[in-house]
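Content type compact mmCIF, C-alpha atoms, from the file upload_6.txt:
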```
# COMPACT_ATOMS: atom_id res chain seq x y z
CA MET F 1 -43.75 13.57 58.46
CA LEU F 2 -43.99 9.86 59.32
CA LYS F 3 -40.44 9.94 60.64
CA SER F 4 -41.20 12.93 62.83
CA LEU F 5 -44.28 11.17 64.22
CA TRP F 6 -42.27 8.02 64.89
CA ARG F 7 -39.74 10.06 66.87
CA GLN F 8 -42.50 11.05 69.29
CA THR F 9 -42.35 8.65 72.20
CA ALA F 10 -46.12 8.69 72.75
CA VAL F 11 -46.79 7.74 69.12
CA ARG F 12 -44.07 5.10 68.96
CA HIS F 13 -45.03 3.33 72.19
CA SER F 14 -48.74 3.49 71.43
CA LEU F 15 -48.40 2.18 67.89
CA ILE F 16 -46.20 -0.75 68.93
CA ILE F 17 -48.58 -1.80 71.70
CA PHE F 18 -51.63 -1.31 69.48
CA LEU F 19 -50.28 -3.35 66.55
CA ALA F 20 -48.96 -6.14 68.77
CA LEU F 21 -52.29 -6.61 70.53
CA ARG F 22 -54.33 -6.16 67.36
CA LEU F 23 -52.43 -8.99 65.66
CA PHE F 24 -52.41 -11.15 68.76
CA LEU F 25 -56.19 -10.92 69.27
CA THR F 26 -56.81 -11.91 65.65
CA GLY F 27 -54.81 -15.10 66.16
CA TRP F 28 -56.14 -15.71 69.67
CA ALA F 29 -59.73 -15.56 68.38
CA VAL F 30 -58.91 -18.33 65.88
CA VAL F 31 -57.39 -20.49 68.62
CA ALA F 32 -60.36 -19.96 70.94
CA GLN F 33 -62.86 -20.98 68.27
CA MET F 34 -60.80 -24.00 67.26
CA VAL F 35 -60.83 -25.23 70.84
CA VAL F 36 -64.57 -24.50 71.28
CA PRO F 37 -66.17 -24.46 67.80
CA LEU F 38 -69.32 -22.39 67.51
CA PRO F 39 -72.58 -23.90 66.22
CA GLU F 40 -73.47 -22.87 62.68
CA THR F 41 -77.00 -21.82 63.62
CA ALA F 42 -78.09 -18.86 65.73
CA ASP F 43 -79.76 -19.17 69.12
CA GLU F 44 -81.32 -15.85 70.07
CA ARG F 45 -81.26 -16.83 73.75
CA ILE F 46 -77.56 -17.60 74.22
CA ARG F 47 -76.10 -16.26 70.95
CA PRO F 48 -78.34 -13.28 70.13
CA TYR F 49 -77.34 -12.18 66.64
CA LEU F 50 -80.54 -10.08 66.68
CA ASN F 51 -81.60 -11.58 63.35
CA GLN F 52 -78.50 -10.26 61.60
CA PRO F 53 -76.32 -12.40 59.30
CA ILE F 54 -73.70 -14.64 60.94
CA LEU F 55 -70.24 -13.76 59.60
CA ASP F 56 -68.33 -17.04 59.56
CA ASP F 57 -66.89 -17.45 56.06
CA GLY F 58 -63.40 -16.68 54.73
CA ALA F 59 -61.63 -13.46 55.64
CA THR F 60 -64.87 -11.93 56.87
CA GLY F 61 -65.34 -14.74 59.36
CA LEU F 62 -61.70 -14.50 60.46
CA LEU F 63 -61.51 -10.73 60.93
CA LEU F 64 -65.08 -9.74 61.77
CA GLY F 65 -66.86 -12.85 63.02
CA PRO F 66 -65.19 -13.12 66.46
CA TRP F 67 -66.24 -9.54 67.27
CA GLN F 68 -69.86 -10.07 66.27
CA ARG F 69 -71.00 -10.28 69.88
CA PHE F 70 -73.51 -8.71 72.29
CA ASP F 71 -73.54 -4.87 72.20
CA ALA F 72 -71.78 -4.81 68.84
CA LEU F 73 -74.94 -6.22 67.29
CA HIS F 74 -77.08 -3.56 68.92
CA TYR F 75 -74.86 -0.88 67.37
CA THR F 76 -74.97 -2.43 63.89
CA ARG F 77 -78.74 -2.81 64.15
CA ILE F 78 -79.11 0.86 65.13
CA ALA F 79 -76.86 1.79 62.20
CA ALA F 80 -79.14 -0.15 59.85
CA GLU F 81 -82.58 0.50 61.35
CA GLY F 82 -82.28 3.41 63.77
CA TYR F 83 -84.14 3.03 67.06
CA ALA F 84 -86.73 0.65 65.61
CA HIS F 85 -86.27 -1.68 68.60
CA PRO F 86 -86.90 -0.11 72.03
CA GLU F 87 -84.13 -2.12 73.72
CA ASP F 88 -81.58 -0.44 71.44
CA SER F 89 -82.60 3.02 72.60
CA VAL F 90 -80.32 3.03 75.66
CA PHE F 91 -77.35 3.38 73.29
CA PRO F 92 -76.73 7.06 72.37
CA PRO F 93 -76.43 7.86 68.65
CA ILE F 94 -72.91 9.12 67.87
CA TYR F 95 -71.18 5.75 67.50
CA PRO F 96 -73.90 4.02 65.42
CA LEU F 97 -74.23 7.16 63.29
CA LEU F 98 -70.52 6.96 62.49
CA ILE F 99 -70.91 3.27 61.66
CA ARG F 100 -73.83 4.09 59.38
CA ALA F 101 -71.93 6.90 57.65
CA LEU F 102 -68.73 4.93 57.08
CA GLY F 103 -70.43 1.61 56.32
CA GLY F 104 -72.81 3.35 53.94
CA LEU F 105 -69.90 4.37 51.75
CA PHE F 106 -69.33 0.67 51.02
CA GLY F 107 -72.90 -0.49 50.55
CA GLY F 108 -74.38 -0.32 54.04
CA SER F 109 -74.55 -4.11 54.58
CA HIS F 110 -74.15 -5.78 57.95
CA THR F 111 -70.61 -6.77 56.94
CA THR F 112 -69.61 -3.20 56.12
CA HIS F 113 -71.25 -1.95 59.33
CA MET F 114 -69.22 -4.45 61.36
CA ALA F 115 -66.03 -3.48 59.53
CA ALA F 116 -66.81 0.21 60.05
CA GLY F 117 -67.42 -0.32 63.76
CA ILE F 118 -64.10 -2.12 64.21
CA PHE F 119 -62.25 0.49 62.16
CA ILE F 120 -63.73 3.41 64.14
CA SER F 121 -62.99 1.75 67.48
CA ASN F 122 -59.43 0.86 66.53
CA VAL F 123 -58.59 4.32 65.20
CA ALA F 124 -60.10 5.83 68.34
CA LEU F 125 -58.07 3.41 70.48
CA LEU F 126 -54.81 4.41 68.83
CA GLY F 127 -55.64 8.07 69.43
CA LEU F 128 -56.62 7.26 73.01
CA LEU F 129 -53.31 5.50 73.71
CA ILE F 130 -51.30 8.42 72.32
CA LEU F 131 -53.26 10.91 74.40
CA LEU F 132 -53.12 8.71 77.51
CA HIS F 133 -49.33 8.51 77.14
CA LYS F 134 -49.11 12.31 76.89
CA VAL F 135 -51.41 12.90 79.86
CA GLY F 136 -49.62 10.26 81.91
CA SER F 137 -46.23 11.79 81.09
CA GLU F 138 -47.43 15.21 82.23
CA LEU F 139 -49.14 13.98 85.39
CA LEU F 140 -46.83 11.17 86.52
CA GLY F 141 -43.60 11.66 84.61
CA PRO F 142 -42.40 10.10 81.32
CA ASP F 143 -40.97 7.01 83.01
CA HIS F 144 -44.43 5.89 84.11
CA ALA F 145 -46.21 6.38 80.77
CA PRO F 146 -45.25 3.07 79.05
CA ARG F 147 -46.31 1.13 82.15
CA LEU F 148 -49.58 3.11 82.20
CA LEU F 149 -50.36 1.99 78.65
CA LEU F 150 -49.60 -1.64 79.46
CA TYR F 151 -51.82 -1.71 82.53
CA PHE F 152 -54.61 0.00 80.59
CA VAL F 153 -54.71 -2.13 77.44
CA LEU F 154 -53.95 -5.39 79.29
CA PHE F 155 -56.60 -4.83 81.93
CA PRO F 156 -58.70 -8.03 81.82
CA ALA F 157 -61.54 -6.26 79.99
CA GLY F 158 -59.16 -4.25 77.78
CA PHE F 159 -59.88 -6.32 74.67
CA PHE F 160 -63.23 -4.48 74.45
CA LEU F 161 -61.21 -1.47 73.27
CA PHE F 162 -60.67 -3.28 69.96
CA ALA F 163 -64.28 -4.44 69.62
CA PRO F 164 -67.06 -2.63 67.72
CA TYR F 165 -68.26 -1.15 71.00
CA SER F 166 -68.41 2.55 71.84
CA GLU F 167 -65.69 2.10 74.50
CA SER F 168 -62.67 3.51 72.68
CA LEU F 169 -64.48 6.45 71.13
CA PHE F 170 -66.12 7.39 74.43
CA LEU F 171 -62.85 7.14 76.35
CA LEU F 172 -60.98 9.21 73.76
CA LEU F 173 -63.61 11.97 73.90
CA THR F 174 -63.71 11.82 77.71
CA LEU F 175 -59.95 11.94 78.27
CA ALA F 176 -59.56 14.70 75.69
CA SER F 177 -62.33 16.70 77.39
CA LEU F 178 -60.69 16.34 80.81
CA TRP F 179 -57.22 17.13 79.50
CA LEU F 180 -58.38 20.26 77.69
CA GLY F 181 -60.50 21.33 80.64
CA PHE F 182 -57.64 20.95 83.11
CA ASN F 183 -55.52 23.08 80.76
CA ASP F 184 -58.18 25.85 80.79
CA ARG F 185 -59.45 25.19 77.28
CA LEU F 186 -62.95 24.78 78.56
CA GLU F 187 -64.78 25.69 75.35
CA TRP F 188 -63.35 22.69 73.49
CA ALA F 189 -63.56 20.55 76.63
CA GLY F 190 -67.29 21.23 76.78
CA VAL F 191 -67.81 20.38 73.10
CA LEU F 192 -65.98 17.07 73.49
CA GLY F 193 -67.93 16.43 76.70
CA LEU F 194 -71.17 16.91 74.78
CA LEU F 195 -70.01 14.38 72.17
CA ALA F 196 -68.98 11.98 74.95
CA ALA F 197 -72.47 12.21 76.47
CA LEU F 198 -73.95 11.45 73.04
CA THR F 199 -71.67 8.41 72.82
CA ARG F 200 -72.23 6.91 76.29
CA LEU F 201 -74.78 7.98 78.92
CA THR F 202 -72.11 8.37 81.60
CA GLY F 203 -70.57 11.26 79.65
CA TRP F 204 -72.77 13.73 81.53
CA VAL F 205 -70.60 13.34 84.66
CA LEU F 206 -67.95 15.49 82.96
CA ILE F 207 -69.96 18.54 84.01
CA VAL F 208 -68.64 18.17 87.58
CA PRO F 209 -64.84 18.16 86.99
CA LEU F 210 -65.22 20.84 84.28
CA ALA F 211 -67.32 23.02 86.58
CA TYR F 212 -64.74 22.62 89.33
CA GLN F 213 -61.98 23.57 86.93
CA PHE F 214 -63.91 26.65 85.82
CA TRP F 215 -64.37 27.73 89.42
CA ARG F 216 -60.73 27.02 90.28
CA GLN F 217 -59.34 28.91 87.29
CA HIS F 218 -61.66 31.87 87.15
CA LEU F 219 -63.86 32.26 90.22
CA GLY F 220 -62.31 30.63 93.24
CA GLN F 221 -60.28 33.01 95.35
CA GLY F 222 -59.65 32.23 98.98
CA ALA F 223 -62.50 30.50 100.80
CA TRP F 224 -64.88 29.80 97.92
CA LYS F 225 -65.05 33.45 96.93
CA ILE F 226 -66.83 34.14 93.63
CA SER F 227 -65.76 37.04 91.45
CA PRO F 228 -68.45 39.73 90.99
CA ALA F 229 -70.49 39.55 87.78
CA GLY F 230 -69.20 42.93 86.71
CA SER F 231 -65.70 41.50 86.31
CA TRP F 232 -66.80 38.89 83.78
CA TYR F 233 -65.96 39.18 80.09
CA PRO F 234 -67.35 37.50 76.93
CA LYS F 235 -64.83 34.65 76.81
CA LEU F 236 -65.52 33.85 80.44
CA TYR F 237 -69.23 33.57 79.70
CA ALA F 238 -68.37 31.19 76.84
CA LYS F 239 -66.32 29.02 79.18
CA ALA F 240 -69.11 29.00 81.75
CA ALA F 241 -71.62 27.92 79.10
CA ALA F 242 -69.29 25.19 77.82
CA VAL F 243 -69.20 23.57 81.26
CA PHE F 244 -72.88 22.62 80.87
CA LEU F 245 -72.50 21.01 77.43
CA PRO F 246 -72.03 17.41 78.71
CA MET F 247 -75.37 17.59 80.53
CA ILE F 248 -76.96 19.24 77.50
CA GLY F 249 -75.77 16.29 75.39
CA PHE F 250 -77.52 13.87 77.74
CA LEU F 251 -80.71 15.96 77.74
CA LEU F 252 -80.69 16.18 73.95
CA PHE F 253 -80.60 12.39 73.76
CA VAL F 254 -83.49 12.10 76.23
CA LEU F 255 -85.46 14.70 74.25
CA TYR F 256 -84.77 12.89 70.97
CA ARG F 257 -85.99 9.61 72.44
CA GLY F 258 -89.13 11.37 73.61
CA LEU F 259 -89.80 12.76 70.14
CA LEU F 260 -89.53 9.21 68.77
CA GLY F 261 -92.14 8.10 71.27
CA LEU F 262 -89.80 5.64 73.00
CA PRO F 263 -90.38 4.53 76.61
CA GLY F 264 -88.29 6.21 79.32
CA LEU F 265 -84.75 4.99 79.93
CA SER F 266 -85.63 3.66 83.38
CA ARG F 267 -88.40 1.52 81.91
CA ILE F 268 -86.13 0.11 79.19
CA TYR F 269 -83.41 -0.76 81.72
CA ALA F 270 -85.94 -2.43 83.99
CA GLU F 271 -87.61 -4.41 81.21
CA TYR F 272 -84.62 -5.53 79.15
CA TRP F 273 -81.65 -5.31 81.53
CA PHE F 274 -83.40 -6.01 84.83
CA GLN F 275 -81.92 -2.89 86.39
CA ARG F 276 -83.64 -0.24 88.49
CA THR F 277 -82.36 2.89 90.14
CA GLY F 278 -81.72 2.16 93.79
CA ILE F 279 -79.64 3.18 96.77
CA PRO F 280 -75.99 3.45 95.65
CA GLY F 281 -74.09 0.40 96.76
CA THR F 282 -77.05 -1.99 96.99
CA ASP F 283 -75.51 -4.12 94.25
CA LEU F 284 -72.34 -4.54 96.31
CA LEU F 285 -74.33 -6.34 98.99
CA ARG F 286 -76.22 -8.41 96.42
CA ALA F 287 -72.95 -9.32 94.71
CA LEU F 288 -71.44 -10.37 98.04
CA GLN F 289 -74.39 -12.71 98.60
CA GLY F 290 -74.17 -14.06 95.06
CA MET F 291 -70.47 -14.76 95.37
CA PHE F 292 -71.26 -17.36 98.02
CA GLY F 293 -74.23 -18.81 96.16
CA LEU F 294 -76.86 -17.06 98.26
CA GLY F 295 -78.33 -14.83 95.56
CA THR F 296 -79.96 -15.36 92.20
CA GLY F 297 -78.92 -14.75 88.60
CA ARG F 298 -75.13 -14.45 88.69
CA ALA F 299 -74.79 -16.43 91.91
CA GLY F 300 -71.42 -18.13 92.14
CA GLU F 301 -70.12 -16.87 88.78
CA PHE F 302 -66.39 -16.13 88.50
CA THR F 303 -67.12 -12.87 86.66
CA LEU F 304 -69.15 -11.72 89.68
CA TRP F 305 -66.14 -12.27 91.93
CA PHE F 306 -64.00 -10.28 89.55
CA ASP F 307 -66.56 -7.46 89.22
CA PHE F 308 -66.73 -7.24 93.02
CA PHE F 309 -62.93 -7.01 93.21
CA VAL F 310 -62.97 -4.29 90.53
CA SER F 311 -65.63 -2.33 92.42
CA LEU F 312 -63.43 -2.36 95.55
CA LEU F 313 -60.42 -1.31 93.48
CA LEU F 314 -62.37 1.62 92.06
CA LEU F 315 -63.61 2.66 95.52
CA VAL F 316 -60.08 2.62 96.97
CA THR F 317 -58.41 4.38 94.04
CA THR F 318 -61.14 7.03 93.84
CA VAL F 319 -60.50 7.99 97.46
CA TRP F 320 -56.76 7.72 96.87
CA ALA F 321 -57.03 10.10 93.89
CA PHE F 322 -58.31 12.91 96.13
CA PHE F 323 -55.25 12.60 98.36
CA ARG F 324 -52.79 12.04 95.51
CA TRP F 325 -53.85 15.09 93.48
CA ARG F 326 -55.00 17.62 96.05
CA ARG F 327 -54.19 20.47 93.69
CA GLN F 328 -55.98 18.78 90.79
CA LEU F 329 -59.18 17.58 92.40
CA GLY F 330 -60.82 17.29 88.99
CA TRP F 331 -59.47 13.75 88.60
CA GLY F 332 -60.95 12.66 91.91
CA LEU F 333 -64.26 14.39 91.20
CA TYR F 334 -64.50 12.70 87.81
CA ALA F 335 -63.88 9.25 89.31
CA ALA F 336 -66.27 9.88 92.22
CA MET F 337 -69.12 11.00 89.95
CA LEU F 338 -68.54 8.11 87.58
CA LEU F 339 -68.52 5.61 90.43
CA PHE F 340 -71.68 7.11 91.95
CA PHE F 341 -73.47 6.82 88.61
CA MET F 342 -72.33 3.20 88.21
CA LEU F 343 -73.49 2.24 91.69
CA LEU F 344 -76.97 3.72 91.22
CA PRO F 345 -78.45 0.79 89.22
CA SER F 346 -79.64 -2.13 91.26
CA SER F 347 -80.38 -5.58 89.90
CA GLU F 348 -81.44 -8.73 91.69
CA PHE F 349 -80.32 -10.88 88.76
CA LYS F 350 -77.29 -8.96 87.45
CA PRO F 351 -75.54 -7.09 90.27
CA LEU F 352 -72.46 -5.07 89.26
CA TYR F 353 -73.36 -5.64 85.63
CA SER F 354 -70.36 -5.01 83.29
CA PHE F 355 -68.32 -3.33 86.05
CA SER F 356 -65.04 -4.71 84.70
CA ARG F 357 -65.65 -3.10 81.29
CA TYR F 358 -66.82 0.21 82.72
CA ALA F 359 -63.67 0.32 84.87
CA LEU F 360 -61.70 1.26 81.75
CA ALA F 361 -63.13 4.78 82.10
CA PHE F 362 -61.43 5.28 85.49
CA PHE F 363 -58.25 6.93 84.28
CA PRO F 364 -57.17 7.93 87.83
CA THR F 365 -57.16 4.23 88.79
CA PHE F 366 -54.69 3.43 86.02
CA PHE F 367 -52.58 6.50 86.85
CA LEU F 368 -52.27 5.28 90.44
CA LEU F 369 -51.53 1.70 89.41
CA ALA F 370 -48.81 2.94 87.05
CA THR F 371 -47.22 4.85 89.91
CA ALA F 372 -47.40 1.88 92.26
CA GLY F 373 -45.98 -0.37 89.54
CA ALA F 374 -42.64 1.41 89.72
CA ASN F 375 -41.94 -1.19 92.39
CA GLY F 376 -40.95 -4.38 90.58
CA LYS F 377 -42.89 -6.75 92.85
CA ILE F 378 -46.07 -4.67 92.56
CA HIS F 379 -45.55 -4.43 88.81
CA ARG F 380 -45.53 -8.21 88.50
CA LEU F 381 -48.47 -8.50 90.89
CA ILE F 382 -50.50 -6.21 88.62
CA LEU F 383 -49.33 -7.38 85.20
CA TYR F 384 -49.22 -11.18 85.44
CA PRO F 385 -52.79 -11.74 86.74
CA SER F 386 -54.03 -9.12 84.26
CA ILE F 387 -52.51 -11.01 81.33
CA MET F 388 -53.95 -14.35 82.44
CA LEU F 389 -57.42 -12.89 82.94
CA TYR F 390 -57.12 -10.99 79.65
CA LEU F 391 -56.52 -14.27 77.82
CA TYR F 392 -59.37 -16.01 79.62
CA PHE F 393 -61.97 -13.23 79.25
CA SER F 394 -61.16 -12.49 75.61
CA ALA F 395 -61.41 -16.20 74.73
CA GLN F 396 -64.74 -16.37 76.54
CA PHE F 397 -65.98 -13.40 74.55
CA PHE F 398 -64.93 -14.95 71.23
CA ILE F 399 -66.91 -18.13 71.96
CA TRP F 400 -70.01 -16.19 73.06
CA GLY F 401 -69.31 -16.38 76.78
CA TRP F 402 -70.57 -13.44 78.83
CA VAL F 403 -67.76 -11.33 80.27
CA ALA F 404 -68.95 -7.75 80.75
```
This structure in structure tokens:
Amino acid sequence: MLKSLWRQTAVRHSLIIFLALRLFLTGWAVVAQMVVPLPETADERIRPYLNQPILDDGATGLLLGPWQRFDALHYTRIAAEGYAHPEDSVFPPIYPLLIRALGGLFGGSHTTHMAAGIFISNVALLGLLILLHKVGSELLGPDHAPRLLLYFVLFPAGFFLFAPYSESLFLLLTLASLWLGFNDRLEWAGVLGLLAALTRLTGWVLIVPLAYQFWRQHLGQGAWKISPAGSWYPKLYAKAAAVFLPMIGFLLFVLYRGLLGLPGLSRIYAEYWFQRTGIPGTDLLRALQGMFGLGTGRAGEFTLWFDFFVSLLLLVTTVWAFFRWRRQLGWGLYAAMLLFFMLLPSSEFKPLYSFSRYALAFFPTFFLLATAGANGKIHRLILYPSIMLYLYFSAQFFIWGWVA
């Protein structure tokens, strides 16, 4: 069985890339912390361990300690305490529930929760790479798939895929939902979309590409013609219902928060993350001011320059996706809805907050880059800066520097 799996190109390429980067990041974290040693005491302002133990001894410190950063600590705290802290309640429950379940098998300590989070994310990442290779081979051709994986995992924020963040699990559920939906397996696509929405708030946007696919496969005939209700059959009703599951997942999370008596999501984002819902694109203007030292908060930061570049890349490739896949508009619709949702928040202090990390969800962007990279000069133009920024951003993360 293992031999048969190894013969599959998607599995072989994905496993090689995964293992190489997994080992490299372990060593790179050691180098980064040797160059910039971390203080032995916590500082909840610049190194917010959220009153959880610092893992810095022996094998635990080597393998887990460098990943004990930022959102990872929110997830482990939810796994241990539930939504006891209002600021944690913007993180949907699937990922911390999995951490709690797996970590609980080994005692339920902070150490086992961290180990469980890394294990879940890494298994999900390997599955994501295999699926991404398969989807890329179908959509672009098998020659482009290895390059697609390289651009994806070596994107400057790609190291987050290995971290105890919900990134890898969310992206696996999302890509699987889209792939199944575009192959007219909408029932399962809807179920995975529901799970994606219960993993990351942005999962609800899947309702749009899945609804379009339902219309295209079963209702759309000619100029937006809709089949009469009398021609429907039970399985078609099931597919129609499944389309709404991503939004239902989001609403279930909102309802659950309400039953716990937690403040609304908008209030939590405003109070703890300094973000409010505004006119889409407002943060682009604020970021542009900040890049030249005219704003507040992130003014002049290098990460702000990079986030602004990423936002332009996403805008261009989202439009490009509609022209590139005119017969498969679902990809463009997915990217457009995701981008709209990301541009809704507005923050005077943190414009384009975490854009480089959220960009990993834009599969059409990486499909298009993989196609363009068939040209050797473009390939080098994409890959070399990505590698350099990957090294810089991951090292910053390991020494408690804010990246995304």
Tell me which of F:Ala395, F:Leu195, F:Ala72, F:Leu210 sits closest to F:Asn183, counting only C-alpha atoms. F:Leu210
Set out as CSV a contact list for stretch 222-319 of chain F and stretch 349-361 of chain F with a cut-off of 12 Å, giving each residue of stretch 222-319 of chain F that qualifies its closest atom pair and distance in Å to one decimal, counting all atoms listed in the file, ordered by chain and rising residue number.
```
residue,atom,partner,partner_atom,distance
F:Tyr269,CA,F:Lys350,CA,11.7
F:Ala270,CA,F:Phe349,CA,11.2
F:Tyr272,CA,F:Lys350,CA,11.6
F:Trp273,CA,F:Lys350,CA,8.2
F:Phe274,CA,F:Phe349,CA,7.0
F:Gln275,CA,F:Lys350,CA,7.7
F:Arg276,CA,F:Pro351,CA,10.8
F:Gly278,CA,F:Pro351,CA,11.7
F:Pro280,CA,F:Leu352,CA,11.2
F:Gly281,CA,F:Leu352,CA,9.4
F:Thr282,CA,F:Pro351,CA,8.6
F:Asp283,CA,F:Pro351,CA,5.0
F:Leu284,CA,F:Leu352,CA,7.1
F:Leu285,CA,F:Pro351,CA,8.8
F:Arg286,CA,F:Pro351,CA,6.3
F:Ala287,CA,F:Pro351,CA,5.6
F:Leu288,CA,F:Pro351,CA,9.4
F:Gln289,CA,F:Pro351,CA,10.1
F:Gly290,CA,F:Pro351,CA,8.6
F:Met291,CA,F:Pro351,CA,10.5
F:Leu294,CA,F:Phe349,CA,11.8
F:Gly295,CA,F:Phe349,CA,8.1
F:Thr296,CA,F:Phe349,CA,5.7
F:Gly297,CA,F:Phe349,CA,4.1
F:Arg298,CA,F:Lys350,CA,6.0
F:Ala299,CA,F:Phe349,CA,8.4
F:Gly300,CA,F:Lys350,CA,11.9
F:Glu301,CA,F:Lys350,CA,10.8
F:Thr303,CA,F:Ser356,CA,8.6
F:Leu304,CA,F:Leu352,CA,7.4
F:Trp305,CA,F:Leu352,CA,9.9
F:Phe306,CA,F:Ser356,CA,7.5
F:Asp307,CA,F:Phe355,CA,5.5
F:Phe308,CA,F:Leu352,CA,7.2
F:Phe309,CA,F:Ser356,CA,9.1
F:Val310,CA,F:Ser356,CA,6.2
F:Ser311,CA,F:Phe355,CA,7.0
F:Leu312,CA,F:Phe355,CA,10.7
F:Leu313,CA,F:Ala359,CA,9.3
F:Leu314,CA,F:Ala359,CA,7.4
F:Leu315,CA,F:Ala359,CA,10.9
F:Thr317,CA,F:Ala359,CA,11.3
F:Thr318,CA,F:Ala359,CA,11.5
```
Taking into account all atoms listed in the file, which residue in the set F:Tyr237, F:Phe70, F:Phe152, F:Trp6 is nearest to F:His133?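 Among the listed residues, the smallest separation from F:His133 belongs to F:Phe152.
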Which of these, F:Leu245, F:Leu180, F:Val36, F:Ile78, has the shortest distance to F:His110 once you count all atoms listed in the file? F:Ile78
Out of F:Leu383, F:Ala32, F:Leu236, F:Ala374, which residue has the shortest atom-to-atom distance to F:Pro156 when counting only C-alpha atoms? F:Leu383
Counting all atoms listed in the file, the residue among F:Arg69, F:Arg100, F:Arg147, F:Arg77 that lies closest to F:Arg380 is F:Arg147
Please report, as lines of an AutoDock Vina configuration file, the centre and edge lengths in Å to one decimal of an axis-aligned box covering all listed atoms of stretch 22-25 of chain F with 5 Å per side.
```
center_x = -54.3
center_y = -8.7
center_z = 67.5
size_x = 13.8
size_y = 15.0
size_z = 13.6
```
Within 12 Å of F:Gly264, counting only C-alpha atoms, which residues show up once you throw out same-chain ones fewer than 3 positions away? Write them as a PDB file with C-alpha atoms, keeping the file's coordinate frame, please.
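File selection27.pdb, as written:
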```
ATOM      1  CA  PRO F  86     -86.900  -0.110  72.030  1.00  0.00           C
ATOM      2  CA  GLU F  87     -84.130  -2.120  73.720  1.00  0.00           C
ATOM      3  CA  SER F  89     -82.600   3.020  72.600  1.00  0.00           C
ATOM      4  CA  VAL F  90     -80.320   3.030  75.660  1.00  0.00           C
ATOM      5  CA  PHE F 253     -80.600  12.390  73.760  1.00  0.00           C
ATOM      6  CA  VAL F 254     -83.490  12.100  76.230  1.00  0.00           C
ATOM      7  CA  LEU F 255     -85.460  14.700  74.250  1.00  0.00           C
ATOM      8  CA  TYR F 256     -84.770  12.890  70.970  1.00  0.00           C
ATOM      9  CA  ARG F 257     -85.990   9.610  72.440  1.00  0.00           C
ATOM     10  CA  GLY F 258     -89.130  11.370  73.610  1.00  0.00           C
ATOM     11  CA  LEU F 259     -89.800  12.760  70.140  1.00  0.00           C
ATOM     12  CA  LEU F 260     -89.530   9.210  68.770  1.00  0.00           C
ATOM     13  CA  GLY F 261     -92.140   8.100  71.270  1.00  0.00           C
ATOM     14  CA  ARG F 267     -88.400   1.520  81.910  1.00  0.00           C
ATOM     15  CA  ILE F 268     -86.130   0.110  79.190  1.00  0.00           C
ATOM     16  CA  TYR F 269     -83.410  -0.760  81.720  1.00  0.00           C
ATOM     17  CA  ALA F 270     -85.940  -2.430  83.990  1.00  0.00           C
ATOM     18  CA  GLU F 271     -87.610  -4.410  81.210  1.00  0.00           C
TER      19      GLU F 271
END
```
Shell of 9 Å around stretch 39-42 of chain F, all atoms listed in the file, local chain residues under 4 positions omitted, as a PyMOL selection string: chain F and resi 46-49+51+54+56
Generate a file of the selected residues that holds C-alpha atoms, formatted as a short mmCIF file (atom, residue, chain, number, x, y, z; two decimals), in the coordinates of the input.
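Below is the file that was written, result_31.cif:
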```cif
data_model
loop_
_atom_site.label_atom_id
_atom_site.label_comp_id
_atom_site.auth_asym_id
_atom_site.auth_seq_id
_atom_site.Cartn_x
_atom_site.Cartn_y
_atom_site.Cartn_z
CA ILE F 46 -77.56 -17.60 74.22
CA ARG F 47 -76.10 -16.26 70.95
CA PRO F 48 -78.34 -13.28 70.13
CA TYR F 49 -77.34 -12.18 66.64
CA ASN F 51 -81.60 -11.58 63.35
CA ILE F 54 -73.70 -14.64 60.94
CA ASP F 56 -68.33 -17.04 59.56
#
```
Nearest to F:Tyr390 among F:Gly203, F:Gly158, F:Pro164, F:Pro92, with distances taken over only C-alpha atoms: which residue is it?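 The shortest atom-to-atom distance to F:Tyr390 comes from F:Gly158.
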Atomic distance atom CA of F:Pro96 - atom CA of F:Gly181, expressed in Å with one decimal: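 The value is 26.7 Å.
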Between atom CA of F:Gly376 and atom CA of F:Phe162, what is the distance, to one decimal in Å?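 Computing the Euclidean distance for atom CA of F:Gly376 and atom CA of F:Phe162 yields 28.6 Å.
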Residues at most 7 Å from F:Leu206, counting all atoms listed in the file, excluding those fewer than 5 positions away in the same chain, as a list in words? Gly193, Pro246 and Tyr334 of chain F
